[in-house]
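Heads up, the thing below is written out as structure tokens.
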Amino acid sequence: MKRQYQPDLVSQQILPDELIIEIMTWLPVKPLMQFKCVNKFFKTRISNPDFVQMHLNKSSRNPHLALMWKHDFHSRTFEQFSVITFPISLLLQNMYTHLHFSRPNLRSPQRLGRYENTTLRCNPYYRLDENYHTWWVVGSCNGLLCLIDVQCFGYNDWPHEYYWLYLWNPATRTKSRRNILSFPSNFKFSFGYDISSKTYKVVAFRVDLDKERGNATSVVKVFNMADNSWRNIQCFPVLPLYWFKREKNNGVYLNGTINWLTLRDYFYSDYEIGNVSNISVAQYGIVSLDLSTESYTELLLPRGFDKVSRVQPTLVGLINCLCFCHDFKGSHLVLWKMTDFGVQESWIQLLNISYENFHSSEYLLKFETMELLPLYLSKNAETLIFANDENDTTFIYNCRDNRGEQIRITNKIWWLWAKDYVESLVPTR
């Protein structure tokens, strides 16, 4: 009779259980999901919250970007979009890359001139359009993506929208149940993790503009994913920049807070028509929402930011720090890092990059008229990946040789919607 496999006994004869668990925390999600099907020993250990956290800590050393790419290159709608989780290490190789749903006929990779060429097969499971829904990714945290779909209804004098909301772990292919909500139109969403209660929260806000009186008020709601409940919280002390555009300034999640770039007494018209003469540096700031206390703190920008440029600055999270990026005199890109969160004196200038170092294969980009969004910065601050809003292109900049080159993905990528991502075993419910 065949002897039944006993994991604990075997592990004691070969390796201690603690060492086996340690080794497993370094593995990718896919083999771990397969191990859970082997026996109860692996399923119990891999599902343990302590193991999930240990694995997440190690997985964070292999950062990805969750990218939305379009099957139809020429269409500008959200239809026919999919998500691909792209390893930063693969982006930095900068091969000519084409994303495709079917298995490629090419051998991958192939040599194309002096560059390598590869075709990546994408699974239809990651499509964002299904069953009359068109989802978009509004946030990413601990390997979970927050997806929302919006559909309008109502009358012109009182427009409302249906919002479908759920969490998705692309690595484990698990989803939370969908929550259906009905709000007035034009809400923006952000997503983060409440460290104190260990729950995920969605922040939704809208701005009501009174053109006659020249002022505006905000409505802010918080959705707790643990108990599936919405509640109103205090309105913003100052309005986030670009409150009227869903694709910009959606909040930066960092260590239990969501942070927005703000501009006092700003009702969008000046920047929209290219007139910045009425805007001063003193109007800029940061508002930070603590997801545990659901209270706000206003933060100051670096003192070195002393001149308003023709394009708006941006707030991002890089190397686990809050970072601020702005144009300088139409000739340089300046990047600052807040080394001690909340302390203005801790701002340090990381990079000061001349636009002359960037050339595309077709033309010299006029960076002084573009909004630039840093997507990734290496820990040694030697490599920067950033996107621009002019033509959805993205660049890799090497700080050692002061050279930038365009990323060679042939598909239509909405780079401004890119989200930080790591593979994880974190459950969606």
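In the structure tokens, the first chain shown is A, the next is B, and so on; residue numbers restart at 1 for each chain, and ligands run from 1 in the order shown.
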| task | Can you pull out every residue within 10 Å of Leu318 (chain A), counting only C-alpha atoms, but drop anything in the same chain fewer than 5 positions away, and send it as an MDAnalysis selection string? | result | chainID A and resid 252 254 323:324 337 374:379 381 384 420
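Restricting the calculation to only C-alpha atoms, the smallest distance between Thr293 (chain A) and any of A:Glu405, A:Asp194, A:Glu423, A:Glu18 is found for A:Asp194.
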| message | Show me, as number ranges by chain, the residues that have an atom within 10 Å of Glu294 (chain A) when counting only C-alpha atoms, minus same-chain residues fewer than 3 positions from it. | response | A: 194, 222, 233-234, 257, 288-291
| said: Calculated over only C-alpha atoms, which of the candidates A:Tyr284, A:Cys146, A:Lys175, A:Arg231 has the smallest distance to Tyr200 (chain A)? | reply: A:Cys146
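Comparing A:Leu350, A:Leu181, A:Met24, A:Ile286 by their smallest distance to Leu56 (chain A), the closest is A:Met24 (using only C-alpha atoms).
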| said: I need the residues of region 283-423 of chain A that end up classed as helix (DSSP H, G or I) by DSSP on the backbone, written out as a PyMOL selection string. | reply: chain A and resi 283+344-346+355-357+367-369+415-417
Could you please take those selected residues and save N, CA, C and O atoms as a PDB file, in the first residue's frame?
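Listed below is the output, result-v4.pdb:
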ATOM      1  N   GLN A 283      -0.049  79.840  -3.477  1.00  0.00           N
ATOM      2  CA  GLN A 283      -1.360  79.191  -3.551  1.00  0.00           C
ATOM      3  C   GLN A 283      -1.241  77.670  -3.529  1.00  0.00           C
ATOM      4  O   GLN A 283      -2.215  76.984  -3.230  1.00  0.00           O
ATOM      5  N   GLN A 344       8.385  70.078   6.266  1.00  0.00           N
ATOM      6  CA  GLN A 344       8.817  70.832   5.094  1.00  0.00           C
ATOM      7  C   GLN A 344      10.334  70.869   4.957  1.00  0.00           C
ATOM      8  O   GLN A 344      10.875  70.807   3.850  1.00  0.00           O
ATOM      9  N   GLU A 345      11.039  70.952   6.075  1.00  0.00           N
ATOM     10  CA  GLU A 345      12.502  71.041   6.021  1.00  0.00           C
ATOM     11  C   GLU A 345      13.151  69.768   5.482  1.00  0.00           C
ATOM     12  O   GLU A 345      14.343  69.769   5.167  1.00  0.00           O
ATOM     13  N   SER A 346      12.372  68.692   5.371  1.00  0.00           N
ATOM     14  CA  SER A 346      12.955  67.428   4.904  1.00  0.00           C
ATOM     15  C   SER A 346      12.919  67.283   3.384  1.00  0.00           C
ATOM     16  O   SER A 346      13.400  66.281   2.848  1.00  0.00           O
ATOM     17  N   TYR A 355      15.870  69.182 -20.488  1.00  0.00           N
ATOM     18  CA  TYR A 355      15.061  68.584 -21.549  1.00  0.00           C
ATOM     19  C   TYR A 355      15.888  68.273 -22.792  1.00  0.00           C
ATOM     20  O   TYR A 355      15.483  67.474 -23.634  1.00  0.00           O
ATOM     21  N   GLU A 356      17.036  68.899 -22.917  1.00  0.00           N
ATOM     22  CA  GLU A 356      17.875  68.650 -24.095  1.00  0.00           C
ATOM     23  C   GLU A 356      18.380  67.210 -24.139  1.00  0.00           C
ATOM     24  O   GLU A 356      18.846  66.749 -25.181  1.00  0.00           O
ATOM     25  N   ASN A 357      18.276  66.503 -23.010  1.00  0.00           N
ATOM     26  CA  ASN A 357      18.740  65.121 -22.972  1.00  0.00           C
ATOM     27  C   ASN A 357      17.713  64.137 -23.529  1.00  0.00           C
ATOM     28  O   ASN A 357      17.985  62.940 -23.602  1.00  0.00           O
ATOM     29  N   PHE A 367       9.104  69.589 -24.126  1.00  0.00           N
ATOM     30  CA  PHE A 367       8.707  69.242 -22.770  1.00  0.00           C
ATOM     31  C   PHE A 367       8.198  70.443 -21.984  1.00  0.00           C
ATOM     32  O   PHE A 367       7.439  70.288 -21.039  1.00  0.00           O
ATOM     33  N   GLU A 368       8.605  71.642 -22.372  1.00  0.00           N
ATOM     34  CA  GLU A 368       8.191  72.793 -21.584  1.00  0.00           C
ATOM     35  C   GLU A 368       6.688  73.052 -21.663  1.00  0.00           C
ATOM     36  O   GLU A 368       6.151  73.837 -20.884  1.00  0.00           O
ATOM     37  N   THR A 369       5.970  72.428 -22.596  1.00  0.00           N
ATOM     38  CA  THR A 369       4.521  72.601 -22.701  1.00  0.00           C
ATOM     39  C   THR A 369       3.770  71.351 -22.272  1.00  0.00           C
ATOM     40  O   THR A 369       2.562  71.268 -22.475  1.00  0.00           O
ATOM     41  N   TRP A 415      -0.594  55.915 -20.305  1.00  0.00           N
ATOM     42  CA  TRP A 415       0.437  55.957 -19.281  1.00  0.00           C
ATOM     43  C   TRP A 415       0.037  56.804 -18.080  1.00  0.00           C
ATOM     44  O   TRP A 415       0.487  56.549 -16.962  1.00  0.00           O
ATOM     45  N   LEU A 416      -0.780  57.818 -18.274  1.00  0.00           N
ATOM     46  CA  LEU A 416      -1.177  58.664 -17.156  1.00  0.00           C
ATOM     47  C   LEU A 416      -2.077  57.931 -16.172  1.00  0.00           C
ATOM     48  O   LEU A 416      -2.308  58.405 -15.055  1.00  0.00           O
ATOM     49  N   TRP A 417      -2.600  56.756 -16.564  1.00  0.00           N
ATOM     50  CA  TRP A 417      -3.406  55.923 -15.670  1.00  0.00           C
ATOM     51  C   TRP A 417      -2.587  54.803 -15.048  1.00  0.00           C
ATOM     52  O   TRP A 417      -3.133  53.941 -14.358  1.00  0.00           O
TER      53      TRP A 417
END
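Considering the residues A:Leu335, A:Thr172, A:Thr97, A:Pro87 and counting only C-alpha atoms, Ile407 (chain A) has its shortest atom-to-atom contact with A:Thr97.
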So that I can see what lies close to Ala216 (chain A), please list as an mmCIF file with C-alpha atoms, in the first residue's frame the residues with an atom at most 8 Å from it, counting only C-alpha atoms and leaving out residues fewer than 4 positions away in the same chain.
data_model
loop_
_atom_site.group_PDB
_atom_site.id
_atom_site.type_symbol
_atom_site.label_atom_id
_atom_site.label_comp_id
_atom_site.auth_asym_id
_atom_site.auth_seq_id
_atom_site.Cartn_x
_atom_site.Cartn_y
_atom_site.Cartn_z
ATOM 1 C CA VAL A 207 -16.809 69.805 -6.096
ATOM 2 C CA ASP A 208 -19.830 72.087 -6.442
ATOM 3 C CA LEU A 209 -18.870 75.323 -8.159
ATOM 4 C CA ASP A 210 -20.826 78.538 -7.563
ATOM 5 C CA PHE A 267 -11.448 77.338 -10.442
#
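One distance worth recording is that between CA of Leu373 (chain A) and CA of Ile385 (chain A), which is 8.7 Å.
Across A:Phe41, A:Ser218, A:Asn250, A:Asp227, the tightest approach to Ala418 (chain A) is made by A:Asn250 when counting only C-alpha atoms.
Distances here use only C-alpha atoms; by that measure, the residue among A:Ser280, A:Thr383, A:Thr25, A:Ser295 closest to Ser47 (chain A) is A:Thr25.
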| request: Once DSSP has gone over the backbone, tell me which residues of region 311-428 of chain A are in strand (DSSP E), as a ChimeraX atom specification. | output: /A:314-318,321-328,332-338,347-354,372-377,383-388,394-398,403-406,412-413,419-421
Take the residues just selected and output them with N, CA and C atoms as a compact mmCIF listing (two decimals), in the first residue's frame.
# COMPACT_ATOMS: atom_id res chain seq x y z
N THR A 314 3.31 68.14 -10.41
CA THR A 314 2.65 66.88 -10.07
C THR A 314 3.17 66.36 -8.73
N LEU A 315 2.30 65.59 -8.07
CA LEU A 315 2.63 64.94 -6.80
C LEU A 315 2.58 63.44 -7.03
N VAL A 316 3.63 62.71 -6.63
CA VAL A 316 3.71 61.28 -6.86
C VAL A 316 4.33 60.58 -5.65
N GLY A 317 4.20 59.27 -5.61
CA GLY A 317 4.87 58.46 -4.62
C GLY A 317 5.98 57.66 -5.27
N LEU A 318 7.22 57.87 -4.84
CA LEU A 318 8.38 57.16 -5.39
C LEU A 318 9.25 56.70 -4.23
N CYS A 321 8.29 57.36 -0.69
CA CYS A 321 8.30 58.73 -0.20
C CYS A 321 7.38 59.59 -1.06
N LEU A 322 6.92 60.68 -0.48
CA LEU A 322 6.14 61.66 -1.24
C LEU A 322 7.11 62.51 -2.05
N CYS A 323 6.83 62.64 -3.35
CA CYS A 323 7.72 63.38 -4.24
C CYS A 323 6.93 64.43 -5.02
N PHE A 324 7.62 65.50 -5.36
CA PHE A 324 7.02 66.64 -6.04
C PHE A 324 7.85 66.95 -7.27
N CYS A 325 7.17 67.10 -8.41
CA CYS A 325 7.86 67.27 -9.68
C CYS A 325 7.32 68.53 -10.37
N HIS A 326 8.22 69.36 -10.92
CA HIS A 326 7.75 70.57 -11.60
C HIS A 326 8.74 70.99 -12.69
N ASP A 327 8.22 71.77 -13.60
CA ASP A 327 9.04 72.35 -14.66
C ASP A 327 9.78 73.57 -14.11
N PHE A 328 10.98 73.78 -14.64
CA PHE A 328 11.77 74.95 -14.24
C PHE A 328 12.17 75.72 -15.49
N HIS A 332 14.07 72.56 -17.67
CA HIS A 332 14.49 71.46 -16.82
C HIS A 332 13.29 70.84 -16.10
N LEU A 333 13.43 69.56 -15.78
CA LEU A 333 12.51 68.84 -14.93
C LEU A 333 13.16 68.69 -13.55
N VAL A 334 12.47 69.16 -12.50
CA VAL A 334 13.02 69.12 -11.15
C VAL A 334 12.18 68.17 -10.30
N LEU A 335 12.85 67.28 -9.58
CA LEU A 335 12.17 66.29 -8.74
C LEU A 335 12.66 66.42 -7.30
N TRP A 336 11.69 66.57 -6.37
CA TRP A 336 11.98 66.70 -4.94
C TRP A 336 11.42 65.48 -4.20
N LYS A 337 12.08 65.15 -3.07
CA LYS A 337 11.62 64.05 -2.21
C LYS A 337 11.47 64.55 -0.78
N MET A 338 10.32 64.21 -0.15
CA MET A 338 10.11 64.53 1.26
C MET A 338 10.61 63.34 2.08
N TRP A 347 12.36 68.28 2.67
CA TRP A 347 12.39 68.22 1.21
C TRP A 347 13.84 68.32 0.72
N ILE A 348 14.23 67.40 -0.14
CA ILE A 348 15.54 67.49 -0.79
C ILE A 348 15.36 67.35 -2.29
N GLN A 349 16.19 68.03 -3.04
CA GLN A 349 16.13 67.94 -4.50
C GLN A 349 16.90 66.71 -4.96
N LEU A 350 16.19 65.81 -5.63
CA LEU A 350 16.81 64.59 -6.12
C LEU A 350 17.42 64.75 -7.51
N LEU A 351 16.64 65.35 -8.41
CA LEU A 351 17.06 65.41 -9.81
C LEU A 351 16.77 66.79 -10.38
N ASN A 352 17.62 67.20 -11.30
CA ASN A 352 17.42 68.42 -12.08
C ASN A 352 17.86 68.09 -13.51
N ILE A 353 16.89 67.77 -14.37
CA ILE A 353 17.18 67.17 -15.67
C ILE A 353 16.88 68.15 -16.79
N SER A 354 17.84 68.32 -17.67
CA SER A 354 17.65 69.19 -18.84
C SER A 354 16.84 68.46 -19.90
N LEU A 372 4.43 66.34 -16.91
CA LEU A 372 5.24 65.15 -16.79
C LEU A 372 4.88 64.40 -15.51
N LEU A 373 4.76 63.09 -15.62
CA LEU A 373 4.37 62.26 -14.48
C LEU A 373 5.41 61.19 -14.23
N PRO A 374 6.24 61.32 -13.19
CA PRO A 374 7.18 60.25 -12.85
C PRO A 374 6.43 58.99 -12.43
N LEU A 375 6.84 57.84 -12.95
CA LEU A 375 6.19 56.56 -12.66
C LEU A 375 7.05 55.65 -11.80
N TYR A 376 8.35 55.80 -11.89
CA TYR A 376 9.25 54.90 -11.15
C TYR A 376 10.59 55.60 -10.97
N LEU A 377 11.19 55.40 -9.79
CA LEU A 377 12.54 55.87 -9.51
C LEU A 377 13.27 54.77 -8.76
N THR A 383 17.85 55.78 -12.07
CA THR A 383 16.98 55.51 -13.21
C THR A 383 15.58 56.04 -12.92
N LEU A 384 15.05 56.82 -13.84
CA LEU A 384 13.72 57.41 -13.71
C LEU A 384 12.89 57.04 -14.93
N ILE A 385 11.64 56.61 -14.69
CA ILE A 385 10.67 56.40 -15.76
C ILE A 385 9.58 57.44 -15.59
N PHE A 386 9.28 58.19 -16.64
CA PHE A 386 8.20 59.17 -16.53
C PHE A 386 7.43 59.27 -17.85
N ALA A 387 6.17 59.67 -17.72
CA ALA A 387 5.27 59.80 -18.86
C ALA A 387 4.95 61.27 -19.09
N ASN A 388 4.48 61.60 -20.29
CA ASN A 388 3.98 62.94 -20.56
C ASN A 388 2.57 62.85 -21.11
N THR A 394 6.35 57.51 -23.00
CA THR A 394 7.04 57.34 -21.72
C THR A 394 8.53 57.19 -21.98
N PHE A 395 9.33 57.73 -21.06
CA PHE A 395 10.77 57.76 -21.22
C PHE A 395 11.48 57.12 -20.04
N ILE A 396 12.62 56.52 -20.33
CA ILE A 396 13.56 56.07 -19.31
C ILE A 396 14.74 57.03 -19.32
N TYR A 397 15.05 57.54 -18.13
CA TYR A 397 16.17 58.47 -18.03
C TYR A 397 17.25 57.85 -17.15
N ASN A 398 18.46 57.79 -17.67
CA ASN A 398 19.61 57.27 -16.95
C ASN A 398 20.40 58.45 -16.40
N ARG A 403 21.05 60.54 -20.09
CA ARG A 403 20.50 60.17 -21.39
C ARG A 403 19.09 59.61 -21.21
N GLY A 404 18.18 60.07 -22.04
CA GLY A 404 16.82 59.57 -22.01
C GLY A 404 16.44 58.91 -23.32
N GLU A 405 15.62 57.86 -23.23
CA GLU A 405 15.14 57.19 -24.44
C GLU A 405 13.69 56.77 -24.25
N GLN A 406 12.96 56.77 -25.35
CA GLN A 406 11.54 56.46 -25.31
C GLN A 406 11.32 54.97 -25.14
N LYS A 412 -1.13 51.06 -27.80
CA LYS A 412 -1.63 52.28 -27.18
C LYS A 412 -1.74 52.06 -25.69
N ILE A 413 -0.88 52.73 -24.91
CA ILE A 413 -0.90 52.64 -23.44
C ILE A 413 -1.35 53.99 -22.90
N LYS A 419 -0.46 52.58 -12.58
CA LYS A 419 -0.48 52.47 -11.12
C LYS A 419 0.67 51.58 -10.65
N ASP A 420 1.26 51.93 -9.51
CA ASP A 420 2.24 51.05 -8.88
C ASP A 420 1.55 49.73 -8.54
N TYR A 421 2.28 48.64 -8.70
CA TYR A 421 1.67 47.33 -8.45
C TYR A 421 2.73 46.34 -8.02
Using only C-alpha atoms, determine which residues lie at most 10 Å from Trp26 (chain A), disregarding the query and same-chain residues fewer than 2 positions distant; provide the list as an mmCIF file with N, CA, C and O atoms, in the first residue's frame.
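Just written: result_15.cif:
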data_model
loop_
_atom_site.group_PDB
_atom_site.id
_atom_site.type_symbol
_atom_site.label_atom_id
_atom_site.label_comp_id
_atom_site.auth_asym_id
_atom_site.auth_seq_id
_atom_site.Cartn_x
_atom_site.Cartn_y
_atom_site.Cartn_z
ATOM 1 N N ILE A 21 8.997 27.574 4.922
ATOM 2 C CA ILE A 21 8.120 28.727 4.815
ATOM 3 C C ILE A 21 8.894 29.949 4.323
ATOM 4 O O ILE A 21 8.425 30.703 3.470
ATOM 5 N N GLU A 22 10.110 30.139 4.852
ATOM 6 C CA GLU A 22 10.929 31.269 4.430
ATOM 7 C C GLU A 22 11.226 31.199 2.931
ATOM 8 O O GLU A 22 11.140 32.205 2.215
ATOM 9 N N ILE A 23 11.563 30.011 2.438
ATOM 10 C CA ILE A 23 11.844 29.841 1.006
ATOM 11 C C ILE A 23 10.600 30.149 0.179
ATOM 12 O O ILE A 23 10.665 30.815 -0.860
ATOM 13 N N MET A 24 9.456 29.681 0.651
ATOM 14 C CA MET A 24 8.215 29.881 -0.090
ATOM 15 C C MET A 24 7.830 31.354 -0.183
ATOM 16 O O MET A 24 7.197 31.767 -1.162
ATOM 17 N N PRO A 28 7.062 33.436 -6.619
ATOM 18 C CA PRO A 28 5.970 34.191 -7.237
ATOM 19 C C PRO A 28 4.609 33.627 -6.819
ATOM 20 O O PRO A 28 4.508 32.512 -6.289
ATOM 21 N N VAL A 29 3.567 34.396 -7.092
ATOM 22 C CA VAL A 29 2.225 34.009 -6.669
ATOM 23 C C VAL A 29 1.742 32.749 -7.392
ATOM 24 O O VAL A 29 1.121 31.872 -6.777
ATOM 25 N N LEU A 32 2.738 29.429 -5.883
ATOM 26 C CA LEU A 32 2.154 29.315 -4.550
ATOM 27 C C LEU A 32 0.671 28.938 -4.637
ATOM 28 O O LEU A 32 0.179 28.135 -3.830
ATOM 29 N N MET A 54 4.461 38.409 4.961
ATOM 30 C CA MET A 54 5.875 38.150 4.671
ATOM 31 C C MET A 54 6.112 38.120 3.166
ATOM 32 O O MET A 54 7.100 38.672 2.666
ATOM 33 N N HIS A 55 5.211 37.473 2.440
ATOM 34 C CA HIS A 55 5.353 37.395 0.989
ATOM 35 C C HIS A 55 5.216 38.778 0.356
ATOM 36 O O HIS A 55 5.964 39.132 -0.574
ATOM 37 N N LEU A 56 4.280 39.594 0.858
ATOM 38 C CA LEU A 56 4.096 40.941 0.320
ATOM 39 C C LEU A 56 5.346 41.784 0.533
ATOM 40 O O LEU A 56 5.759 42.534 -0.360
ATOM 41 N N ASN A 57 5.965 41.661 1.693
ATOM 42 C CA ASN A 57 7.181 42.432 1.964
ATOM 43 C C ASN A 57 8.294 42.099 0.973
ATOM 44 O O ASN A 57 9.029 42.988 0.523
ATOM 45 N N LYS A 58 8.419 40.842 0.626
ATOM 46 C CA LYS A 58 9.470 40.437 -0.328
ATOM 47 C C LYS A 58 9.063 40.759 -1.757
ATOM 48 O O LYS A 58 9.898 41.144 -2.588
ATOM 49 N N SER A 59 7.781 40.590 -2.061
ATOM 50 C CA SER A 59 7.301 40.878 -3.412
ATOM 51 C C SER A 59 7.464 42.345 -3.764
ATOM 52 O O SER A 59 7.628 42.702 -4.931
#
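Between CA of Pro237 (chain A) and CA of Arg264 (chain A) there is a distance of 9.6 Å.
Separating CA of Thr393 (chain A) from CA of Asn259 (chain A) is a distance of 25.4 Å.
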